[in-house]
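Source file data.cif; content: mmCIF, C-alpha atoms.
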```
data_query
loop_
_atom_site.label_atom_id
_atom_site.label_comp_id
_atom_site.auth_asym_id
_atom_site.auth_seq_id
_atom_site.Cartn_x
_atom_site.Cartn_y
_atom_site.Cartn_z
CA MET A 1 14.96 64.08 -11.44
CA SER A 2 16.05 67.26 -9.65
CA ARG A 3 19.49 68.60 -10.50
CA ILE A 4 19.98 69.77 -6.88
CA ARG A 5 22.66 67.67 -5.17
CA ALA A 6 23.42 69.85 -2.12
CA VAL A 7 21.83 72.60 -0.02
CA LEU A 8 23.63 75.56 1.53
CA PHE A 9 22.18 77.86 4.16
CA ASP A 10 22.80 81.34 5.42
CA LEU A 11 22.94 81.22 9.22
CA ASP A 12 21.41 84.31 10.85
CA GLY A 13 17.78 84.72 9.85
CA THR A 14 17.71 81.57 7.73
CA LEU A 15 18.83 78.51 9.67
CA ALA A 16 19.04 80.00 13.16
CA ASP A 17 17.00 82.68 14.89
CA THR A 18 19.89 84.65 16.37
CA ALA A 19 18.00 87.94 16.79
CA PRO A 20 17.23 87.41 20.51
CA ASP A 21 20.92 87.17 21.43
CA LEU A 22 22.04 89.88 19.01
CA GLY A 23 19.34 92.06 20.54
CA HIS A 24 20.46 91.16 24.03
CA ALA A 25 24.00 92.26 23.18
CA LEU A 26 22.71 95.53 21.76
CA ASN A 27 20.57 96.18 24.82
CA LEU A 28 23.52 95.50 27.14
CA LEU A 29 25.47 98.08 25.16
CA LEU A 30 22.61 100.57 25.32
CA ALA A 31 22.33 100.05 29.08
CA SER A 32 26.03 100.75 29.51
CA HIS A 33 25.37 104.15 27.93
CA ASN A 34 22.29 104.76 30.09
CA LEU A 35 19.96 104.31 27.13
CA ALA A 36 16.65 102.46 27.11
CA PRO A 37 16.48 98.94 25.61
CA LEU A 38 14.90 98.30 22.24
CA PRO A 39 12.13 95.70 21.77
CA LEU A 40 12.93 92.56 19.83
CA GLU A 41 10.41 93.42 17.13
CA THR A 42 12.44 96.56 16.37
CA ILE A 43 15.73 94.66 16.36
CA ARG A 44 14.67 91.60 14.37
CA PRO A 45 14.46 93.19 10.87
CA VAL A 46 17.99 94.58 11.31
CA ALA A 47 19.61 91.46 12.76
CA SER A 48 20.99 90.19 9.45
CA HIS A 49 23.02 93.38 9.10
CA GLY A 50 25.21 92.43 12.06
CA ALA A 51 27.09 94.82 14.30
CA ARG A 52 27.03 97.65 11.79
CA GLY A 53 23.26 97.62 11.35
CA LEU A 54 22.52 97.15 15.04
CA ILE A 55 24.83 99.97 16.14
CA GLU A 56 23.24 102.25 13.58
CA LEU A 57 19.84 101.23 14.92
CA GLY A 58 20.68 101.73 18.58
CA PHE A 59 22.98 104.73 18.42
CA ASN A 60 22.55 106.29 14.97
CA VAL A 61 26.33 105.93 14.66
CA HIS A 62 27.91 104.91 11.36
CA PRO A 63 31.27 103.32 10.49
CA GLU A 64 32.76 106.67 9.49
CA ASP A 65 31.91 108.19 12.90
CA THR A 66 34.66 108.34 15.54
CA ALA A 67 32.53 106.55 18.15
CA TYR A 68 31.80 103.56 15.91
CA ALA A 69 34.94 101.46 16.48
CA ASN A 70 34.60 101.36 20.26
CA LEU A 71 30.85 100.72 20.10
CA ARG A 72 31.41 97.88 17.66
CA GLN A 73 34.05 96.25 19.82
CA ASP A 74 31.92 96.54 22.96
CA PHE A 75 28.93 95.10 21.11
CA LEU A 76 30.97 92.14 19.83
CA ASN A 77 32.31 91.47 23.31
CA HIS A 78 28.76 91.37 24.70
CA TYR A 79 27.66 89.09 21.87
CA GLU A 80 30.60 86.70 22.23
CA ASN A 81 29.78 86.28 25.92
CA ASN A 82 26.11 85.55 25.17
CA LEU A 83 26.19 83.66 21.86
CA CYS A 84 23.52 81.08 22.51
CA LEU A 85 21.32 82.11 25.41
CA ASN A 86 18.11 82.27 23.41
CA THR A 87 19.25 81.43 19.89
CA SER A 88 17.57 78.40 18.33
CA LEU A 89 16.89 76.84 14.96
CA PHE A 90 13.84 78.23 13.23
CA ALA A 91 10.74 76.09 13.55
CA GLY A 92 10.92 73.38 10.92
CA ALA A 93 14.67 73.74 10.34
CA LYS A 94 15.61 70.62 12.30
CA SER A 95 13.02 68.58 10.44
CA LEU A 96 14.34 69.92 7.14
CA LEU A 97 17.92 68.95 7.99
CA ASP A 98 16.76 65.49 9.09
CA LYS A 99 14.96 65.00 5.78
CA LEU A 100 17.93 66.20 3.74
CA GLU A 101 20.16 63.74 5.55
CA SER A 102 17.66 60.92 5.09
CA ARG A 103 17.82 61.62 1.34
CA LEU A 104 21.64 61.65 1.50
CA ILE A 105 21.70 65.28 0.38
CA PRO A 106 24.73 67.04 1.90
CA TRP A 107 24.21 70.49 3.39
CA GLY A 108 26.39 73.26 4.69
CA ILE A 109 26.44 76.79 6.08
CA VAL A 110 27.72 79.93 4.35
CA THR A 111 27.53 83.03 6.53
CA ASN A 112 29.11 86.46 6.73
CA LYS A 113 29.44 86.00 10.50
CA PRO A 114 33.15 85.69 11.42
CA MET A 115 34.35 82.23 12.43
CA ARG A 116 35.13 83.50 15.96
CA TYR A 117 31.37 83.60 16.58
CA THR A 118 30.12 81.11 14.01
CA TYR A 119 32.00 78.02 15.13
CA PRO A 120 30.98 78.17 18.83
CA LEU A 121 27.38 78.95 17.85
CA VAL A 122 27.14 76.10 15.35
CA GLN A 123 28.63 73.81 18.00
CA ALA A 124 26.11 74.98 20.61
CA LEU A 125 23.24 74.37 18.18
CA GLY A 126 24.40 70.78 17.68
CA LEU A 127 25.20 71.24 13.99
CA ALA A 128 28.99 71.10 13.95
CA ASP A 129 29.16 67.36 13.28
CA ARG A 130 26.31 67.44 10.79
CA ALA A 131 27.20 70.29 8.44
CA GLY A 132 29.28 69.23 5.48
CA CYS A 133 30.98 72.61 5.50
CA CYS A 134 30.86 75.86 7.46
CA VAL A 135 32.12 78.87 5.52
CA CYS A 136 32.35 82.09 7.52
CA GLY A 137 32.75 85.73 6.66
CA ASP A 138 36.52 85.49 7.07
CA THR A 139 37.06 82.02 5.58
CA THR A 140 37.70 83.40 2.09
CA SER A 141 39.07 86.68 0.76
CA HIS A 142 35.59 87.99 0.05
CA SER A 143 32.22 87.74 1.79
CA LYS A 144 28.73 87.80 0.32
CA PRO A 145 27.49 89.30 -2.00
CA HIS A 146 30.70 88.07 -3.65
CA PRO A 147 30.24 84.47 -4.89
CA GLU A 148 33.60 83.25 -3.54
CA PRO A 149 32.27 81.85 -0.22
CA LEU A 150 29.57 79.87 -2.01
CA LEU A 151 31.99 78.54 -4.60
CA PHE A 152 34.36 77.54 -1.80
CA ALA A 153 31.51 75.72 -0.03
CA ALA A 154 30.63 73.80 -3.20
CA HIS A 155 34.29 72.79 -3.50
CA GLN A 156 34.30 71.66 0.12
CA LEU A 157 31.29 69.44 -0.57
CA ASN A 158 32.80 68.26 -3.87
CA ILE A 159 29.61 69.36 -5.63
CA LYS A 160 29.30 71.46 -8.78
CA PRO A 161 27.94 74.96 -7.97
CA GLU A 162 25.15 74.62 -10.51
CA THR A 163 23.81 71.63 -8.57
CA CYS A 164 23.65 73.55 -5.26
CA LEU A 165 20.68 75.37 -3.78
CA TYR A 166 21.32 78.32 -1.47
CA LEU A 167 18.74 79.65 0.98
CA GLY A 168 19.14 83.12 2.49
CA ASP A 169 17.09 86.01 3.83
CA ALA A 170 19.02 88.99 2.43
CA GLN A 171 19.53 90.44 -1.03
CA ARG A 172 23.29 89.84 -0.76
CA ASP A 173 22.56 86.11 -0.32
CA ILE A 174 20.61 85.95 -3.53
CA GLU A 175 23.17 88.02 -5.43
CA ALA A 176 25.98 85.73 -4.26
CA ALA A 177 24.08 82.58 -5.18
CA ARG A 178 23.13 83.84 -8.62
CA SER A 179 26.71 84.93 -9.30
CA ALA A 180 27.90 81.47 -8.26
CA GLY A 181 25.45 79.83 -10.66
CA MET A 182 23.39 78.30 -7.86
CA THR A 183 19.64 78.06 -7.39
CA ALA A 184 18.67 80.82 -4.95
CA LEU A 185 15.71 80.82 -2.57
CA VAL A 186 14.57 83.60 -0.24
CA ALA A 187 13.73 82.70 3.36
CA ARG A 188 10.82 85.08 3.69
CA TYR A 189 10.41 84.06 7.35
CA GLY A 190 13.82 85.59 8.11
CA TYR A 191 14.95 89.11 8.97
CA LEU A 192 13.37 91.05 6.14
CA SER A 193 12.43 94.67 6.78
CA THR A 194 9.47 96.56 5.39
CA PHE A 195 11.88 98.16 2.91
CA ASP A 196 13.05 94.86 1.44
CA GLN A 197 11.56 93.79 -1.87
CA PRO A 198 12.46 90.11 -2.25
CA ASP A 199 10.21 89.80 -5.29
CA THR A 200 12.73 91.94 -7.17
CA TRP A 201 15.83 89.93 -6.17
CA GLN A 202 15.44 87.47 -9.08
CA ALA A 203 15.47 84.42 -6.82
CA SER A 204 14.16 81.08 -8.03
CA GLY A 205 11.53 81.13 -5.30
CA LEU A 206 10.41 82.47 -1.93
CA ILE A 207 9.50 80.25 1.00
CA ASP A 208 7.68 80.99 4.25
CA THR A 209 8.88 77.97 6.26
CA PRO A 210 12.15 76.00 6.11
CA GLU A 211 10.44 72.77 5.08
CA GLU A 212 9.04 74.44 1.93
CA LEU A 213 12.57 74.14 0.56
CA LEU A 214 11.88 70.45 -0.06
CA ASN A 215 9.44 71.46 -2.80
CA HIS A 216 12.37 72.86 -4.79
CA LEU A 217 14.47 69.67 -4.75
#
```
As a first step, turn the structure in this file into structure tokens.
Amino acid sequence: MSRIRAVLFDLDGTLADTAPDLGHALNLLLASHNLAPLPLETIRPVASHGARGLIELGFNVHPEDTAYANLRQDFLNHYENNLCLNTSLFAGAKSLLDKLESRLIPWGIVTNKPMRYTYPLVQALGLADRAGCCVCGDTTSHSKPHPEPLLFAAHQLNIKPETCLYLGDAQRDIEAARSAGMTALVARYGYLSTFDQPDTWQASGLIDTPEELLNHL
């Protein structure tokens, strides 16, 4: 019998395809500076890196640059006003959640996205009343790759960390899960770039569709 008693998910690039709306916010910001929009295929591999990564992509501006703070705030304002225009669950994710619930396996979300954006998005996606927990980037003192958010989520579900499986699409997700003593899977269908090497992240497995997770229970 599998030792997995609960499943936790990263949000952006794992459970939900948020790249279209993150990209829309970036392109609104670019337009306000009279710059050309970027195609979604350019934006998608960077989407998991949030405002920092997207501003670096669009403007080649970094956190230590004087222009960064204002660009970041303007980007976040655009994103907050357009949180769920074209965001949706990845194909197969709804079926996976249905099957987990039919097996009485609790599941939750652990994301580095701040709660200001996470909660309304999770509500809009129809998951707020289904998720057993929703741990955001500012729920605990640390965010991933620190294990604290994952350990907090396990506590919320009243499940031992070693009996949790965590699915994410970034190296920080796998590092956090391993540090928390959880089984870690890579969502290879997520926002991986050509520079990522998920085979070297020491995950327990890599999956190409959400429903493949069921093979690891």
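Once the PyMOL selection byres ((chain A and resi 156) around 10) is applied to this file, the selection holds A:Gly108, A:Gly132, A:Cys133, A:Cys134, A:Val135, A:Leu150, A:Leu151, A:Phe152, A:Ala153, A:Ala154, A:His155, A:Leu157, A:Asn158, A:Ile159.
For Asn86 in chain A, the residues within 10 Å (counting only C-alpha atoms, excluding itself and residues fewer than 4 positions away along the chain) are A:Asp17, A:Thr18, A:Ala19, A:Pro20, A:Asp21, A:Leu22, A:His24, A:Asn82.
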- Report the residues retrieved by the PyMOL selection byres ((chain A and resi 16) around 8) from the displayed file, expressed as a list in words.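 Expected selection for the PyMOL selection byres ((chain A and resi 16) around 8) here is Leu11, Asp12, Gly13, Thr14, Leu15, Asp17, Thr18, Thr87, Ser88, Leu89 and Phe90 of chain A.
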- Query: Got a sec to resolve the PyMOL selection byres ((chain A and resi 78) around 10) on this structure and send the residues as a list in words?
  - Reply: Asp21, Leu22, His24, Ala25, Leu26, Asn27, Leu28, Leu29, Arg72, Gln73, Asp74, Phe75, Leu76, Asn77, Tyr79, Glu80, Asn81, Asn82 and Leu83 of chain A
- Nearest to Leu104 in chain A by atom-to-atom distance, counting only C-alpha atoms, from A:Ala91, A:Ala177, A:Ile4, A:Leu30: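 Looking at the shortest contact to Leu104 in chain A, the residue is A:Ile4.
Residues in contact with Tyr119 in chain A at 12 Å, where all atoms listed in the file are counted and same-chain residues fewer than 2 positions away are skipped, are listed as Leu11, Glu80, Leu83, Cys84, Ile109, Val110, Thr111, Lys113, Pro114, Met115, Arg116, Tyr117, Leu121, Val122, Gln123, Ala124, Leu125, Gly126, Leu127, Ala128, Asp129, Ala131, Cys133, Cys134, Val135, Cys136, Gly137, Asp138 and Thr139 of chain A.
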- Message: Quick one: residues within 10 Å of range 214-217 of chain A, all atoms listed in the file, excluding same-chain residues fewer than 5 positions away - as a VMD selection string?
- Response: chain A and resid 1 to 7 96 99 to 100 105 164 to 165 183 185 204 to 205 207
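When CA of Ala180 in chain A is paired with CA of Pro147 in chain A, their separation reads 5.1 Å.
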Return as lines of an AutoDock Vina configuration file the box centre and box size in Å, one decimal, for an axis-aligned box around all listed atoms of range 145-160 of chain A padded by 3 Å per side.
```
center_x = 30.9
center_y = 78.8
center_z = -4.3
size_x = 12.9
size_y = 27.0
size_z = 14.9
```
- Message: Excluding Glu41 in chain A and its own-chain neighbours fewer than 2 positions away, which residues fall within 10 Å of it when counting only C-alpha atoms? Please give them as a PyMOL selection string.
- Response: chain A and resi 19-20+23+38-39+43-46
- Between CA of Ala203 in chain A and CA of Gly92 in chain A - distance in Å to one decimal: 21.4 Å
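Of the residues listed (A:Met182, A:Leu8, A:Ala176, A:Ala170), A:Ala170 shows the shortest atom-to-atom separation from Pro198 in chain A; distances use all atoms listed in the file.
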- Message: My list of candidates is A:Ser143, A:Ser48, A:Asn34, A:Gln171. Which is closest to Gln197 in chain A when distances are computed with only C-alpha atoms?
- Response: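 Once distances to Gln197 in chain A are computed over only C-alpha atoms, the minimum belongs to A:Gln171.
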